Amino acid sequence: MLMMSDEAHFHLDGYVNKQNCRFWVAENPRELHQRPLHNANLSVWCGISTVGIVGPYFFEDEGATVTVTSGGYVEMLSNFLRPQLRSLRVNMEEMWFQQDGATAHTARASMTVFRQMFPQHVVSRFGDVPWLPRSPDLSACDFFLWGYFKSKVYVLKPRTVDDLKVPIREEIAIVPQEMLVNVMQNFEERLRTSVLQEGRHLSDIIFRN
């Protein structure tokens, strides 16, 4: 079983950090996306697999959003992800865990914890299986999860960060398992196509009607 993971910034005005990301959304992707300055936001981590979504985990310090550091990431792995997987009765020695190459993810302290949790099953830069840089077309979080949540959580127009947390938690809790299975099957299709096309753009998947 594979779990894919990532973080995204959710802003109160509906802006989602799209750096290095590509995902399906309702609006025209060629429209100019202005980045708000000093806008209240959440830094949200999730892991997605066929058995469910683990998360959300909010990177905070006394209620204020903080930058994801190696120390904060290790704390999340040890005190949040590990207990969550145990509650799902997941055999972590058999699970493959994917993450991108962000510095906080691949720092020595982070990778040490990963290797303990997922021995010989880390899909990442410096991991057991290398993960391609800048590959949002192959990341379930990028091509599905963040865009899907964006279309849901802003419907009630949350006015505070705490208001924003509520729909994020609620929407994660009600994602059908069938949808997750379909997403991960789509990832496998994308991966096969990427291999056949020797790493070139996945035009048949990304742009087909």
# chains A, B, ... in the order shown; residues from 1 in each chain; ligands from 1
>>> select_by_dssp(residues="segment 67-169 of chain A", states="strand (DSSP E)", output="PyMOL selection string")
chain A and resi 96-98+122-123
>>> select_by_dssp(residues="segment 90-149 of chain A", states="helix (DSSP H, G or I)", output="count of residues only")
27
>>> residues_around(residues="segment 63-68 of chain A", least_positions_apart="3", cutoff="6 Å", atoms="only C-alpha atoms", output="PDB file with C-alpha atoms, in the first residue's frame")
ATOM      1  CA  LEU A  42      -3.299  27.546   7.477  1.00  0.00           C
ATOM      2  CA  PHE A  59       1.515  23.389  11.559  1.00  0.00           C
ATOM      3  CA  GLU A  60       0.975  25.910  14.341  1.00  0.00           C
TER       4      GLU A  60
END
>>> closest_residue(among="A:Trp45, A:Tyr57, A:Tyr148, A:Phe143", to="Ser5 of chain A", atoms="only C-alpha atoms")
A:Trp45
>>> residues_around(residues="segment 137-142 of chain A", least_positions_apart="2", cutoff="10 Å", atoms="only C-alpha atoms", output="PyMOL selection string")
chain A and resi 3-8+18+20-24+45-49+98-100+131-132+134-135+144-148+180+183-184+186-191+194+201-202+205-206
>>> residues_around(residues="segment 164-170 of chain A", least_positions_apart="4", cutoff="8 Å", atoms="only C-alpha atoms", output="count of residues only")
11
>>> closest_residue(among="A:Met92, A:Thr103, A:Phe10, A:Thr50", to="Gln185 of chain A", atoms="only C-alpha atoms")
A:Thr50
>>> atom_distance(atom1="atom CA of Pro83 of chain A", atom2="atom CA of Val54 of chain A")
10.3 Å
>>> residues_around(residues="Glu75 of chain A", least_positions_apart="4", cutoff="12 Å", atoms="only C-alpha atoms", output="NGL selection string")
:A and (57-60 or 68-71 or 79-83 or 104-105 or 109-110 or 113-114)
>>> atom_distance(atom1="atom CA of Arg108 of chain A", atom2="atom CA of Ser43 of chain A")
22.2 Å
